[in-house]
file start_32.cif (mmCIF, C-alpha atoms and all ligand atoms)
data_input
loop_
_atom_site.group_PDB
_atom_site.id
_atom_site.type_symbol
_atom_site.label_atom_id
_atom_site.label_comp_id
_atom_site.auth_asym_id
_atom_site.auth_seq_id
_atom_site.Cartn_x
_atom_site.Cartn_y
_atom_site.Cartn_z
ATOM 1 C CA MET C 13 -18.179 9.163 -23.673
ATOM 2 C CA SER C 14 -18.104 5.407 -22.930
ATOM 3 C CA ILE C 15 -17.216 4.187 -19.474
ATOM 4 C CA LEU C 16 -13.794 2.951 -20.634
ATOM 5 C CA ASP C 17 -13.053 6.408 -22.125
ATOM 6 C CA LYS C 18 -13.634 7.839 -18.650
ATOM 7 C CA PHE C 19 -10.640 5.847 -17.378
ATOM 8 C CA SER C 20 -8.299 7.398 -19.970
ATOM 9 C CA LEU C 21 -5.724 9.901 -18.718
ATOM 10 C CA THR C 22 -4.841 11.186 -22.189
ATOM 11 C CA GLY C 23 -3.792 14.850 -21.993
ATOM 12 C CA LYS C 24 -3.543 14.831 -18.184
ATOM 13 C CA VAL C 25 -0.452 15.805 -16.202
ATOM 14 C CA ALA C 26 0.484 14.164 -12.898
ATOM 15 C CA ILE C 27 2.986 14.841 -10.142
ATOM 16 C CA VAL C 28 4.103 11.651 -8.357
ATOM 17 C CA THR C 29 6.303 11.997 -5.274
ATOM 18 C CA GLY C 30 8.739 9.223 -4.403
ATOM 19 C CA SER C 31 8.789 8.129 -8.036
ATOM 20 C CA ASP C 32 12.215 6.467 -8.151
ATOM 21 C CA THR C 33 11.283 3.119 -6.571
ATOM 22 C CA GLY C 34 8.475 0.797 -5.486
ATOM 23 C CA LEU C 35 4.905 2.019 -5.516
ATOM 24 C CA GLY C 36 5.903 5.429 -6.947
ATOM 25 C CA GLN C 37 7.189 3.643 -10.032
ATOM 26 C CA GLY C 38 3.871 1.757 -10.181
ATOM 27 C CA PHE C 39 1.861 5.008 -10.079
ATOM 28 C CA SER C 40 4.096 6.584 -12.754
ATOM 29 C CA LYS C 41 3.861 3.544 -15.039
ATOM 30 C CA ALA C 42 0.082 3.339 -14.595
ATOM 31 C CA PHE C 43 -0.438 6.997 -15.502
ATOM 32 C CA VAL C 44 1.887 6.925 -18.529
ATOM 33 C CA GLU C 45 0.219 3.735 -19.820
ATOM 34 C CA ALA C 46 -3.167 5.463 -19.378
ATOM 35 C CA GLY C 47 -1.977 8.447 -21.479
ATOM 36 C CA ALA C 48 -0.696 11.013 -18.941
ATOM 37 C CA LYS C 49 2.623 12.814 -18.613
ATOM 38 C CA VAL C 50 4.319 12.597 -15.222
ATOM 39 C CA LEU C 51 6.687 14.771 -13.225
ATOM 40 C CA GLY C 52 8.365 12.513 -10.673
ATOM 41 C CA VAL C 53 9.810 13.891 -7.441
ATOM 42 C CA SER C 54 12.406 12.077 -5.410
ATOM 43 C CA ASN C 55 15.250 12.800 -3.033
ATOM 44 C CA MET C 56 17.437 10.348 -4.980
ATOM 45 C CA PRO C 57 19.173 11.200 -8.285
ATOM 46 C CA SER C 58 17.796 7.996 -9.843
ATOM 47 C CA THR C 59 17.044 7.810 -13.575
ATOM 48 C CA ALA C 60 15.475 4.322 -13.433
ATOM 49 C CA THR C 61 11.841 5.429 -13.837
ATOM 50 C CA GLN C 62 12.679 7.752 -16.726
ATOM 51 C CA GLU C 63 14.594 4.962 -18.473
ATOM 52 C CA MET C 64 11.548 2.711 -18.026
ATOM 53 C CA LEU C 65 8.948 5.232 -19.290
ATOM 54 C CA GLY C 66 10.819 7.596 -21.662
ATOM 55 C CA ALA C 67 11.789 11.261 -21.223
ATOM 56 C CA ASP C 68 8.928 12.505 -23.422
ATOM 57 C CA LYS C 69 6.427 11.100 -20.901
ATOM 58 C CA PHE C 70 8.316 11.180 -17.607
ATOM 59 C CA GLN C 71 10.472 14.007 -16.262
ATOM 60 C CA PHE C 72 11.796 14.204 -12.730
ATOM 61 C CA ILE C 73 13.091 16.653 -10.190
ATOM 62 C CA GLN C 74 15.281 15.859 -7.209
ATOM 63 C CA ALA C 75 13.869 17.381 -4.024
ATOM 64 C CA ASP C 76 13.980 16.561 -0.333
ATOM 65 C CA LEU C 77 10.381 16.525 0.893
ATOM 66 C CA SER C 78 11.326 16.437 4.572
ATOM 67 C CA THR C 79 10.907 20.237 4.468
ATOM 68 C CA LEU C 80 8.363 22.503 2.776
ATOM 69 C CA ASP C 81 11.083 24.390 0.871
ATOM 70 C CA PRO C 82 10.787 22.543 -2.497
ATOM 71 C CA ILE C 83 6.997 22.888 -2.872
ATOM 72 C CA ASP C 84 7.000 25.972 -5.126
ATOM 73 C CA THR C 85 9.852 24.585 -7.244
ATOM 74 C CA VAL C 86 8.035 21.281 -7.753
ATOM 75 C CA ILE C 87 4.872 23.046 -8.923
ATOM 76 C CA ASN C 88 6.726 25.526 -11.155
ATOM 77 C CA THR C 89 8.806 22.732 -12.705
ATOM 78 C CA CYS C 90 5.660 20.803 -13.590
ATOM 79 C CA LEU C 91 4.073 23.912 -15.131
ATOM 80 C CA GLU C 92 7.257 24.721 -17.108
ATOM 81 C CA LYS C 93 7.635 21.183 -18.440
ATOM 82 C CA PHE C 94 3.994 20.221 -19.053
ATOM 83 C CA GLY C 95 1.920 23.417 -18.736
ATOM 84 C CA ARG C 96 -0.629 22.295 -16.147
ATOM 85 C CA ILE C 97 -1.315 19.900 -13.237
ATOM 86 C CA ASP C 98 -4.302 17.523 -13.095
ATOM 87 C CA ILE C 99 -3.209 14.848 -10.621
ATOM 88 C CA LEU C 100 -1.056 14.791 -7.483
ATOM 89 C CA VAL C 101 0.053 11.534 -5.895
ATOM 90 C CA ASN C 102 1.496 11.940 -2.406
ATOM 91 C CA ASN C 103 3.451 8.698 -2.411
ATOM 92 C CA ALA C 104 6.840 9.655 -0.868
ATOM 93 C CA GLY C 105 7.114 8.128 2.574
ATOM 94 C CA VAL C 106 9.576 6.953 5.173
ATOM 95 C CA ILE C 107 9.342 4.496 8.037
ATOM 96 C CA LYS C 108 11.483 4.281 11.184
ATOM 97 C CA ARG C 109 11.435 1.128 13.303
ATOM 98 C CA GLU C 110 12.490 1.492 16.948
ATOM 99 C CA ASP C 111 11.013 0.164 20.182
ATOM 100 C CA THR C 112 8.299 2.600 21.193
ATOM 101 C CA ILE C 113 9.744 2.960 24.714
ATOM 102 C CA ASP C 114 12.970 4.425 23.272
ATOM 103 C CA PHE C 115 11.536 6.047 20.103
ATOM 104 C CA SER C 116 13.610 9.123 19.208
ATOM 105 C CA VAL C 117 12.465 12.653 18.477
ATOM 106 C CA ALA C 118 14.482 12.580 15.232
ATOM 107 C CA SER C 119 12.586 9.496 13.998
ATOM 108 C CA TRP C 120 9.293 11.080 15.006
ATOM 109 C CA ASP C 121 10.006 14.371 13.215
ATOM 110 C CA LEU C 122 11.433 12.950 9.968
ATOM 111 C CA VAL C 123 8.510 10.568 9.425
ATOM 112 C CA MET C 124 5.846 13.116 10.353
ATOM 113 C CA ASN C 125 7.473 15.767 8.142
ATOM 114 C CA VAL C 126 7.697 13.640 4.978
ATOM 115 C CA ASN C 127 4.554 11.524 5.394
ATOM 116 C CA CYS C 128 2.210 14.150 6.797
ATOM 117 C CA ARG C 129 3.401 17.790 6.980
ATOM 118 C CA THR C 130 4.774 18.104 3.438
ATOM 119 C CA LEU C 131 1.953 15.919 2.111
ATOM 120 C CA PHE C 132 -0.602 18.385 3.443
ATOM 121 C CA PHE C 133 1.114 21.589 2.304
ATOM 122 C CA LEU C 134 1.949 20.165 -1.145
ATOM 123 C CA SER C 135 -1.712 19.157 -1.507
ATOM 124 C CA GLN C 136 -2.787 22.655 -0.464
ATOM 125 C CA ALA C 137 -0.451 24.277 -3.029
ATOM 126 C CA VAL C 138 -1.570 21.929 -5.815
ATOM 127 C CA ALA C 139 -5.243 22.509 -4.942
ATOM 128 C CA LYS C 140 -4.634 26.276 -5.351
ATOM 129 C CA GLN C 141 -3.156 25.552 -8.797
ATOM 130 C CA PHE C 142 -6.206 23.390 -9.709
ATOM 131 C CA MET C 143 -8.456 26.313 -8.747
ATOM 132 C CA LYS C 144 -6.470 28.684 -11.000
ATOM 133 C CA GLN C 145 -6.874 26.388 -14.030
ATOM 134 C CA GLU C 146 -9.943 26.801 -16.200
ATOM 135 C CA ALA C 147 -12.850 24.602 -15.097
ATOM 136 C CA VAL C 148 -14.603 22.462 -17.728
ATOM 137 C CA GLU C 149 -18.308 21.773 -17.079
ATOM 138 C CA GLY C 150 -18.874 18.196 -15.897
ATOM 139 C CA LYS C 151 -15.160 17.397 -15.559
ATOM 140 C CA SER C 152 -12.979 17.048 -12.512
ATOM 141 C CA ARG C 153 -10.833 20.042 -11.682
ATOM 142 C CA GLY C 154 -8.081 17.884 -10.207
ATOM 143 C CA LYS C 155 -7.301 14.705 -8.334
ATOM 144 C CA ILE C 156 -5.244 14.278 -5.178
ATOM 145 C CA ILE C 157 -4.349 10.712 -4.182
ATOM 146 C CA SER C 158 -2.361 10.080 -1.015
ATOM 147 C CA VAL C 159 -0.769 6.828 0.050
ATOM 148 C CA ALA C 160 -2.100 5.670 3.402
ATOM 149 C CA SER C 161 -1.379 2.257 4.963
ATOM 150 C CA MET C 162 -2.801 -0.624 6.964
ATOM 151 C CA LEU C 163 -1.467 1.505 9.842
ATOM 152 C CA SER C 164 -4.135 4.093 9.034
ATOM 153 C CA TYR C 165 -6.419 1.459 10.641
ATOM 154 C CA GLN C 166 -4.153 -0.495 12.975
ATOM 155 C CA GLY C 167 -1.433 0.268 15.531
ATOM 156 C CA GLY C 168 1.548 -1.629 14.149
ATOM 157 C CA ILE C 169 4.617 -2.571 16.191
ATOM 158 C CA ARG C 170 7.759 -0.395 16.718
ATOM 159 C CA VAL C 171 6.503 2.257 14.261
ATOM 160 C CA PRO C 172 4.676 4.956 16.296
ATOM 161 C CA SER C 173 5.510 7.912 14.039
ATOM 162 C CA TYR C 174 4.608 5.939 10.906
ATOM 163 C CA THR C 175 1.259 4.942 12.427
ATOM 164 C CA ALA C 176 0.602 8.527 13.511
ATOM 165 C CA SER C 177 1.459 9.847 10.050
ATOM 166 C CA LYS C 178 -0.611 7.296 8.121
ATOM 167 C CA SER C 179 -3.616 7.687 10.450
ATOM 168 C CA ALA C 180 -3.310 11.429 9.792
ATOM 169 C CA VAL C 181 -3.241 10.826 6.024
ATOM 170 C CA LYS C 182 -6.614 9.068 6.222
ATOM 171 C CA GLY C 183 -8.028 11.869 8.384
ATOM 172 C CA ILE C 184 -6.811 14.851 6.381
ATOM 173 C CA THR C 185 -7.884 13.125 3.158
ATOM 174 C CA MET C 186 -11.435 13.490 4.491
ATOM 175 C CA THR C 187 -10.866 17.087 5.655
ATOM 176 C CA MET C 188 -9.497 18.188 2.275
ATOM 177 C CA ALA C 189 -12.312 16.369 0.451
ATOM 178 C CA ASN C 190 -14.943 17.985 2.675
ATOM 179 C CA GLU C 191 -13.738 21.473 1.743
ATOM 180 C CA TRP C 192 -12.652 21.001 -1.882
ATOM 181 C CA ALA C 193 -15.250 18.580 -3.335
ATOM 182 C CA LYS C 194 -17.499 21.574 -4.103
ATOM 183 C CA ASP C 195 -14.634 23.008 -6.212
ATOM 184 C CA GLY C 196 -14.547 19.846 -8.342
ATOM 185 C CA ILE C 197 -11.409 18.496 -6.680
ATOM 186 C CA ASN C 198 -11.362 14.825 -5.677
ATOM 187 C CA VAL C 199 -9.184 13.931 -2.690
ATOM 188 C CA ASN C 200 -8.823 10.235 -1.878
ATOM 189 C CA ALA C 201 -6.222 7.792 -0.615
ATOM 190 C CA ILE C 202 -5.022 4.271 -1.291
ATOM 191 C CA ALA C 203 -4.065 2.063 1.665
ATOM 192 C CA PRO C 204 -1.690 -0.576 0.330
ATOM 193 C CA GLY C 205 -1.387 -3.819 2.251
ATOM 194 C CA TYR C 206 1.993 -5.490 2.651
ATOM 195 C CA MET C 207 3.862 -4.821 -0.598
ATOM 196 C CA ALA C 208 7.270 -6.152 -1.645
ATOM 197 C CA THR C 209 9.225 -2.853 -1.808
ATOM 198 C CA ASN C 210 12.117 -1.223 0.115
ATOM 199 C CA ASN C 211 9.614 -0.137 2.777
ATOM 200 C CA THR C 212 9.115 -3.769 3.883
ATOM 201 C CA LYS C 213 12.651 -5.081 3.230
ATOM 202 C CA ALA C 214 13.382 -5.493 6.971
ATOM 203 C CA LEU C 215 10.070 -7.300 7.576
ATOM 204 C CA ARG C 216 10.587 -9.670 4.657
ATOM 205 C CA ALA C 217 14.130 -10.409 5.837
ATOM 206 C CA ASP C 218 12.805 -11.436 9.292
ATOM 207 C CA ALA C 219 11.659 -15.043 8.720
ATOM 208 C CA ASP C 220 9.211 -15.114 11.670
ATOM 209 C CA ARG C 221 7.546 -11.747 10.923
ATOM 210 C CA SER C 222 7.427 -12.525 7.206
ATOM 211 C CA GLU C 223 5.707 -15.878 7.797
ATOM 212 C CA ALA C 224 3.229 -14.359 10.279
ATOM 213 C CA ILE C 225 2.315 -11.602 7.801
ATOM 214 C CA LEU C 226 1.942 -13.982 4.849
ATOM 215 C CA ASP C 227 -0.254 -16.339 6.908
ATOM 216 C CA ARG C 228 -2.662 -13.461 7.577
ATOM 217 C CA ILE C 229 -3.007 -12.219 3.975
ATOM 218 C CA PRO C 230 -6.050 -13.938 2.421
ATOM 219 C CA ALA C 231 -4.526 -13.572 -1.071
ATOM 220 C CA GLY C 232 -1.530 -15.553 0.222
ATOM 221 C CA ARG C 233 1.191 -13.295 -1.220
ATOM 222 C CA TRP C 234 2.874 -9.918 -0.793
ATOM 223 C CA GLY C 235 1.524 -7.217 -3.116
ATOM 224 C CA THR C 236 3.569 -5.612 -5.891
ATOM 225 C CA PRO C 237 3.631 -2.102 -7.444
ATOM 226 C CA ASP C 238 1.543 -3.516 -10.335
ATOM 227 C CA ASP C 239 -1.269 -4.286 -7.872
ATOM 228 C CA ILE C 240 -2.001 -0.604 -7.194
ATOM 229 C CA MET C 241 -2.096 0.452 -10.857
ATOM 230 C CA GLY C 242 -5.816 -0.159 -11.489
ATOM 231 C CA THR C 243 -6.982 1.708 -8.370
ATOM 232 C CA ALA C 244 -4.494 4.504 -9.136
ATOM 233 C CA VAL C 245 -5.884 5.059 -12.645
ATOM 234 C CA PHE C 246 -9.469 4.869 -11.368
ATOM 235 C CA LEU C 247 -8.875 7.528 -8.689
ATOM 236 C CA ALA C 248 -6.936 9.742 -11.149
ATOM 237 C CA SER C 249 -9.589 9.549 -13.869
ATOM 238 C CA GLU C 250 -13.018 11.005 -14.637
ATOM 239 C CA ALA C 251 -14.473 7.587 -13.670
ATOM 240 C CA SER C 252 -14.124 8.525 -9.974
ATOM 241 C CA ASN C 253 -15.591 12.047 -10.046
ATOM 242 C CA TYR C 254 -18.135 11.252 -7.297
ATOM 243 C CA VAL C 255 -15.619 9.504 -5.010
ATOM 244 C CA ASN C 256 -14.544 11.925 -2.282
ATOM 245 C CA GLY C 257 -12.550 11.537 0.906
ATOM 246 C CA PHE C 258 -12.299 7.755 0.855
ATOM 247 C CA THR C 259 -9.313 5.528 1.564
ATOM 248 C CA ILE C 260 -9.403 2.413 -0.636
ATOM 249 C CA ALA C 261 -7.494 -0.622 0.643
ATOM 250 C CA VAL C 262 -5.476 -2.589 -1.900
ATOM 251 C CA ASP C 263 -4.395 -5.245 0.547
ATOM 252 C CA GLY C 264 -5.098 -8.795 -0.671
ATOM 253 C CA GLY C 265 -7.846 -8.927 1.977
ATOM 254 C CA TRP C 266 -5.687 -8.050 5.053
ATOM 255 C CA LEU C 267 -8.208 -5.676 6.672
ATOM 256 C CA GLY C 268 -11.035 -8.168 6.349
ATOM 257 C CA ARG C 269 -9.305 -10.632 8.708
HETATM 258 P P1 LIG P 1 10.078 2.840 -1.019
HETATM 259 O O1 LIG P 1 10.906 3.001 0.204
HETATM 260 O O2 LIG P 1 10.636 2.082 -2.165
HETATM 261 O O3 LIG P 1 9.601 4.247 -1.550
HETATM 262 C C1 LIG P 1 9.580 5.416 -0.787
HETATM 263 C C2 LIG P 1 9.744 6.595 -1.724
HETATM 264 O O4 LIG P 1 9.694 7.800 -0.968
HETATM 265 C C3 LIG P 1 11.082 6.574 -2.455
HETATM 266 O O5 LIG P 1 10.853 6.774 -3.825
HETATM 267 C C4 LIG P 1 11.854 7.717 -1.857
HETATM 268 O O6 LIG P 1 12.659 8.370 -2.802
HETATM 269 C C5 LIG P 1 10.729 8.652 -1.401
HETATM 270 N N1 LIG P 1 11.174 9.501 -0.296
HETATM 271 C C6 LIG P 1 11.513 9.116 0.955
HETATM 272 N N2 LIG P 1 11.944 10.183 1.678
HETATM 273 C C7 LIG P 1 11.874 11.251 0.849
HETATM 274 C C8 LIG P 1 12.202 12.623 0.994
HETATM 275 N N3 LIG P 1 12.715 13.111 2.145
HETATM 276 N N4 LIG P 1 12.023 13.441 -0.062
HETATM 277 C C9 LIG P 1 11.541 12.969 -1.235
HETATM 278 N N5 LIG P 1 11.218 11.673 -1.439
HETATM 279 C C10 LIG P 1 11.382 10.829 -0.409
HETATM 280 O O7 LIG P 1 8.766 2.111 -0.489
HETATM 281 P P2 LIG P 1 7.288 2.068 -1.093
HETATM 282 O O8 LIG P 1 6.664 0.893 -0.465
HETATM 283 O O9 LIG P 1 7.280 2.165 -2.572
HETATM 284 O O10 LIG P 1 6.623 3.352 -0.423
HETATM 285 C C11 LIG P 1 5.786 4.240 -1.126
HETATM 286 C C12 LIG P 1 4.670 4.690 -0.210
HETATM 287 O O11 LIG P 1 3.839 3.573 0.107
HETATM 288 C C13 LIG P 1 5.154 5.253 1.135
HETATM 289 O O12 LIG P 1 4.346 6.356 1.501
HETATM 290 C C14 LIG P 1 4.908 4.087 2.073
HETATM 291 O O13 LIG P 1 4.755 4.504 3.398
HETATM 292 C C15 LIG P 1 3.631 3.540 1.489
HETATM 293 N N6 LIG P 1 3.263 2.173 1.867
HETATM 294 C C16 LIG P 1 4.045 1.119 1.564
HETATM 295 C C17 LIG P 1 3.645 -0.155 1.946
HETATM 296 C C18 LIG P 1 4.454 -1.373 1.656
HETATM 297 O O14 LIG P 1 4.116 -2.446 2.145
HETATM 298 N N7 LIG P 1 5.512 -1.297 0.875
HETATM 299 C C19 LIG P 1 2.433 -0.329 2.593
HETATM 300 C C20 LIG P 1 1.646 0.773 2.874
HETATM 301 C C21 LIG P 1 2.071 2.028 2.507
#
call {"tool": "encode", "arguments": {"input": "start_32.cif", "output": "structure tokens"}}
result
Amino acid sequence: MSILDKFSLTGKVAIVTGSDTGLGQGFSKAFVEAGAKVLGVSNMPSTATQEMLGADKFQFIQADLSTLDPIDTVINTCLEKFGRIDILVNNAGVIKREDTIDFSVASWDLVMNVNCRTLFFLSQAVAKQFMKQEAVEGKSRGKIISVASMLSYQGGIRVPSYTASKSAVKGITMTMANEWAKDGINVNAIAPGYMATNNTKALRADADRSEAILDRIPAGRWGTPDDIMGTAVFLASEASNYVNGFTIAVDGGWLGR
């Protein structure tokens, strides 16, 4: 097998949460272009990603990931539609911006539930499914990729629950990798920098914050969903079988400053 063949996702099946917009669309597009089939999960009834990628390659299920209730349905739907699961991308995420002095319990709980609690228990359920599937000598048994953030490394401003959740993503990525690497499961994360998606709409609309952020990005521009596609395919493929528990920044150089 040549090195480029190791990047192919032909025959693989992925679940991508938060697939209707932004980075989730980027993950879905990357995997379909690399040969995989994708079950998207989103709390919105949007058909945009399916229209972009085609119903033979991309199916979706509407589910609210602020509770653990949909986990079994998501897994069973993927098995019914595509017969197996090889890749999970924990991309769904929410952010709440309020002054930390007045930060509400509701904004704490929602963000922690979607970005951290469901992420962990969905990963646990998918890892159990990976372990049920037949292992092939020398091949990965499954890949879990979570979306972290610059706020896995930094404090941020007015976003305490988001920072807590994304710091937790980096930490539990290592915990899961420590326990499941021996089972042939790779658990890693991607920490996007400042990307032009709904998540950063308010920041980009604030002229002063937007200018301050852009000035600090060595690449001199906001990232786009296309920018995460290469790292996504790498972490989902056999090319990364000895990469465990690491959070890779795709940030235009932000963390180096
Ligand atoms: P986005 O707001 O466009 O996407 C968020 C996605 O999460 C949406 O598809 C939405 O449907 C889904 N989602 C939110 N709440 C949900 C719920 N209760 N149930 C199911 N799905 C839900 O923004 P994005 O930038 O594409 O965000 C994707 C991920 O990237 C998030 O985890 C976000 O925190 C992370 N991230 C974004 C940036 C950035 O600069 N845009 C930087 C670092 C990390």
call {"tool": "resolve_selection", "arguments": {"input": "start_32.cif", "expression": "the PyMOL selection byres (((chain C and resi 248) around 8) and not hetatm)", "output": "compact mmCIF listing (two decimals) with C-alpha atoms, in the coordinates of the input"}}
result
# COMPACT_ATOMS: atom_id res chain seq x y z
CA LEU C 21 -5.72 9.90 -18.72
CA ILE C 99 -3.21 14.85 -10.62
CA LYS C 155 -7.30 14.70 -8.33
CA ILE C 156 -5.24 14.28 -5.18
CA ILE C 157 -4.35 10.71 -4.18
CA ALA C 244 -4.49 4.50 -9.14
CA VAL C 245 -5.88 5.06 -12.64
CA PHE C 246 -9.47 4.87 -11.37
CA LEU C 247 -8.88 7.53 -8.69
CA SER C 249 -9.59 9.55 -13.87
CA GLU C 250 -13.02 11.00 -14.64
CA SER C 252 -14.12 8.52 -9.97
call {"tool": "atom_distance", "arguments": {"input": "start_32.cif", "atom1": "atom CA of C:Phe70", "atom2": "atom CA of C:Ala203"}}
result
24.7 Å
call {"tool": "residues_around", "arguments": {"input": "start_32.cif", "residues": "C:Gly30", "least_positions_apart": "4", "cutoff": "6 Å", "atoms": "all atoms listed in the file", "output": "count of residues only"}}
result
5
call {"tool": "closest_residue", "arguments": {"input": "start_32.cif", "among": "C:Leu65, C:Ile15, C:Ile184, C:Val262", "to": "ligand LIG 1 (chain P)", "atoms": "all atoms listed in the file"}}
result
C:Val262
call {"tool": "residues_near_ligand", "arguments": {"input": "start_32.cif", "ligand": "ligand LIG 1 (chain P)", "cutoff": "8 Å", "atoms": "all atoms listed in the file", "output": "number ranges by chain"}}
result
C: 29-37, 53-56, 74-79, 102-107, 122, 126-127, 159-163, 174, 178, 203-212, 235, 237
call {"tool": "closest_residue", "arguments": {"input": "start_32.cif", "among": "C:Phe19, C:Phe142, C:Phe258, C:Phe39", "to": "C:Asp238", "atoms": "all atoms listed in the file"}}
result
C:Phe39
call {"tool": "closest_residue", "arguments": {"input": "start_32.cif", "among": "C:Ala261, C:Ile27, C:Ile83, C:Val123", "to": "C:Arg96", "atoms": "only C-alpha atoms"}}
result
C:Ile27
call {"tool": "resolve_selection", "arguments": {"input": "start_32.cif", "expression": "the PyMOL selection byres (((chain C and resi 175) around 9) and not hetatm)", "output": "PyMOL selection string"}}
result
chain C and resi 161-168+171-174+176-180
call {"tool": "residues_around", "arguments": {"input": "start_32.cif", "residues": "C:Glu146", "least_positions_apart": "3", "cutoff": "12 Å", "atoms": "all atoms listed in the file", "output": "VMD selection string"}}
result
chain C and resid 96 to 98 141 to 143 149 151 to 154 195 to 196
call {"tool": "atom_distance", "arguments": {"input": "start_32.cif", "atom1": "atom CA of C:Thr85", "atom2": "atom CA of C:Asn198"}}
result
23.4 Å
call {"tool": "atom_distance", "arguments": {"input": "start_32.cif", "atom1": "atom CA of C:Trp266", "atom2": "atom CA of C:Gly242"}}
result
18.3 Å
call {"tool": "closest_residue", "arguments": {"input": "start_32.cif", "among": "C:Gly257, C:Pro82, C:Gly232, C:Gly265", "to": "C:Leu134", "atoms": "all atoms listed in the file"}}
result
C:Pro82
call {"tool": "closest_residue", "arguments": {"input": "start_32.cif", "among": "C:Ala46, C:Met241, C:Val28, C:Ala214", "to": "C:Ser135", "atoms": "all atoms listed in the file"}}
result
C:Val28
call {"tool": "axis_aligned_box", "arguments": {"input": "start_32.cif", "around": "stretch 230-238 of chain C", "padding_each_side": "6 Å", "output": "lines of an AutoDock Vina configuration file"}}
result
center_x = -1.2
center_y = -8.8
center_z = -4.0
size_x = 21.7
size_y = 25.5
size_z = 24.8
call {"tool": "resolve_selection", "arguments": {"input": "start_32.cif", "expression": "the PyMOL selection byres (((chain C and resi 228-230) around 8) and not hetatm)", "output": "number ranges by chain"}}
result
C: 224-227, 231-234, 263-266, 269
call {"tool": "closest_residue", "arguments": {"input": "start_32.cif", "among": "C:Asp218, C:Glu92, C:Glu110, C:Asp239", "to": "C:Lys41", "atoms": "only C-alpha atoms"}}
result
C:Asp239
call {"tool": "residues_around", "arguments": {"input": "start_32.cif", "residues": "C:Ala48", "least_positions_apart": "4", "cutoff": "6 Å", "atoms": "only C-alpha atoms", "output": "number ranges by chain"}}
result
C: 21-25, 43-44
call {"tool": "residues_around", "arguments": {"input": "start_32.cif", "residues": "C:Leu80", "least_positions_apart": "4", "cutoff": "9 Å", "atoms": "all atoms listed in the file", "output": "count of residues only"}}
result
7
call {"tool": "decode", "arguments": {"input": "start_32.cif", "residues": "stretch 235-250 of chain C", "atoms": "N, CA and C atoms", "output": "CSV table (one decimal), in the first residue's frame"}}
result
chain,number,residue,atom,x,y,z
C,235,GLY,N,-9.7,31.6,9.0
C,235,GLY,CA,-9.7,30.3,8.3
C,235,GLY,C,-11.1,30.0,7.7
C,236,THR,N,-11.1,28.9,6.9
C,236,THR,CA,-12.4,28.5,6.3
C,236,THR,C,-12.6,27.0,6.6
C,237,PRO,N,-13.8,26.5,6.4
C,237,PRO,CA,-14.0,25.0,6.5
C,237,PRO,C,-13.1,24.2,5.6
C,238,ASP,N,-12.7,24.8,4.4
C,238,ASP,CA,-11.7,24.0,3.6
C,238,ASP,C,-10.4,23.8,4.3
C,239,ASP,N,-10.0,24.7,5.2
C,239,ASP,CA,-8.7,24.6,5.8
C,239,ASP,C,-8.5,23.4,6.7
C,240,ILE,N,-9.6,22.9,7.2
C,240,ILE,CA,-9.5,21.7,8.1
C,240,ILE,C,-9.6,20.4,7.4
C,241,MET,N,-9.8,20.4,6.1
C,241,MET,CA,-10.1,19.2,5.4
C,241,MET,C,-8.9,18.2,5.3
C,242,GLY,N,-7.7,18.8,5.1
C,242,GLY,CA,-6.5,17.9,5.0
C,242,GLY,C,-6.2,17.2,6.3
C,243,THR,N,-6.3,18.0,7.4
C,243,THR,CA,-6.0,17.4,8.8
C,243,THR,C,-7.1,16.4,9.1
C,244,ALA,N,-8.3,16.7,8.7
C,244,ALA,CA,-9.5,15.8,9.0
C,244,ALA,C,-9.3,14.4,8.3
C,245,VAL,N,-8.9,14.5,7.1
C,245,VAL,CA,-8.7,13.2,6.3
C,245,VAL,C,-7.5,12.4,6.9
C,246,PHE,N,-6.4,13.2,7.2
C,246,PHE,CA,-5.3,12.5,7.8
C,246,PHE,C,-5.7,11.8,9.1
C,247,LEU,N,-6.4,12.5,10.0
C,247,LEU,CA,-6.7,11.9,11.3
C,247,LEU,C,-7.8,10.7,11.2
C,248,ALA,N,-8.5,10.8,10.1
C,248,ALA,CA,-9.6,9.7,9.9
C,248,ALA,C,-9.0,8.5,9.1
C,249,SER,N,-7.8,8.6,8.6
C,249,SER,CA,-7.3,7.6,7.7
C,249,SER,C,-6.2,6.7,8.4
C,250,GLU,N,-5.8,5.7,7.7
C,250,GLU,CA,-4.8,4.7,8.1
C,250,GLU,C,-3.4,5.4,8.2
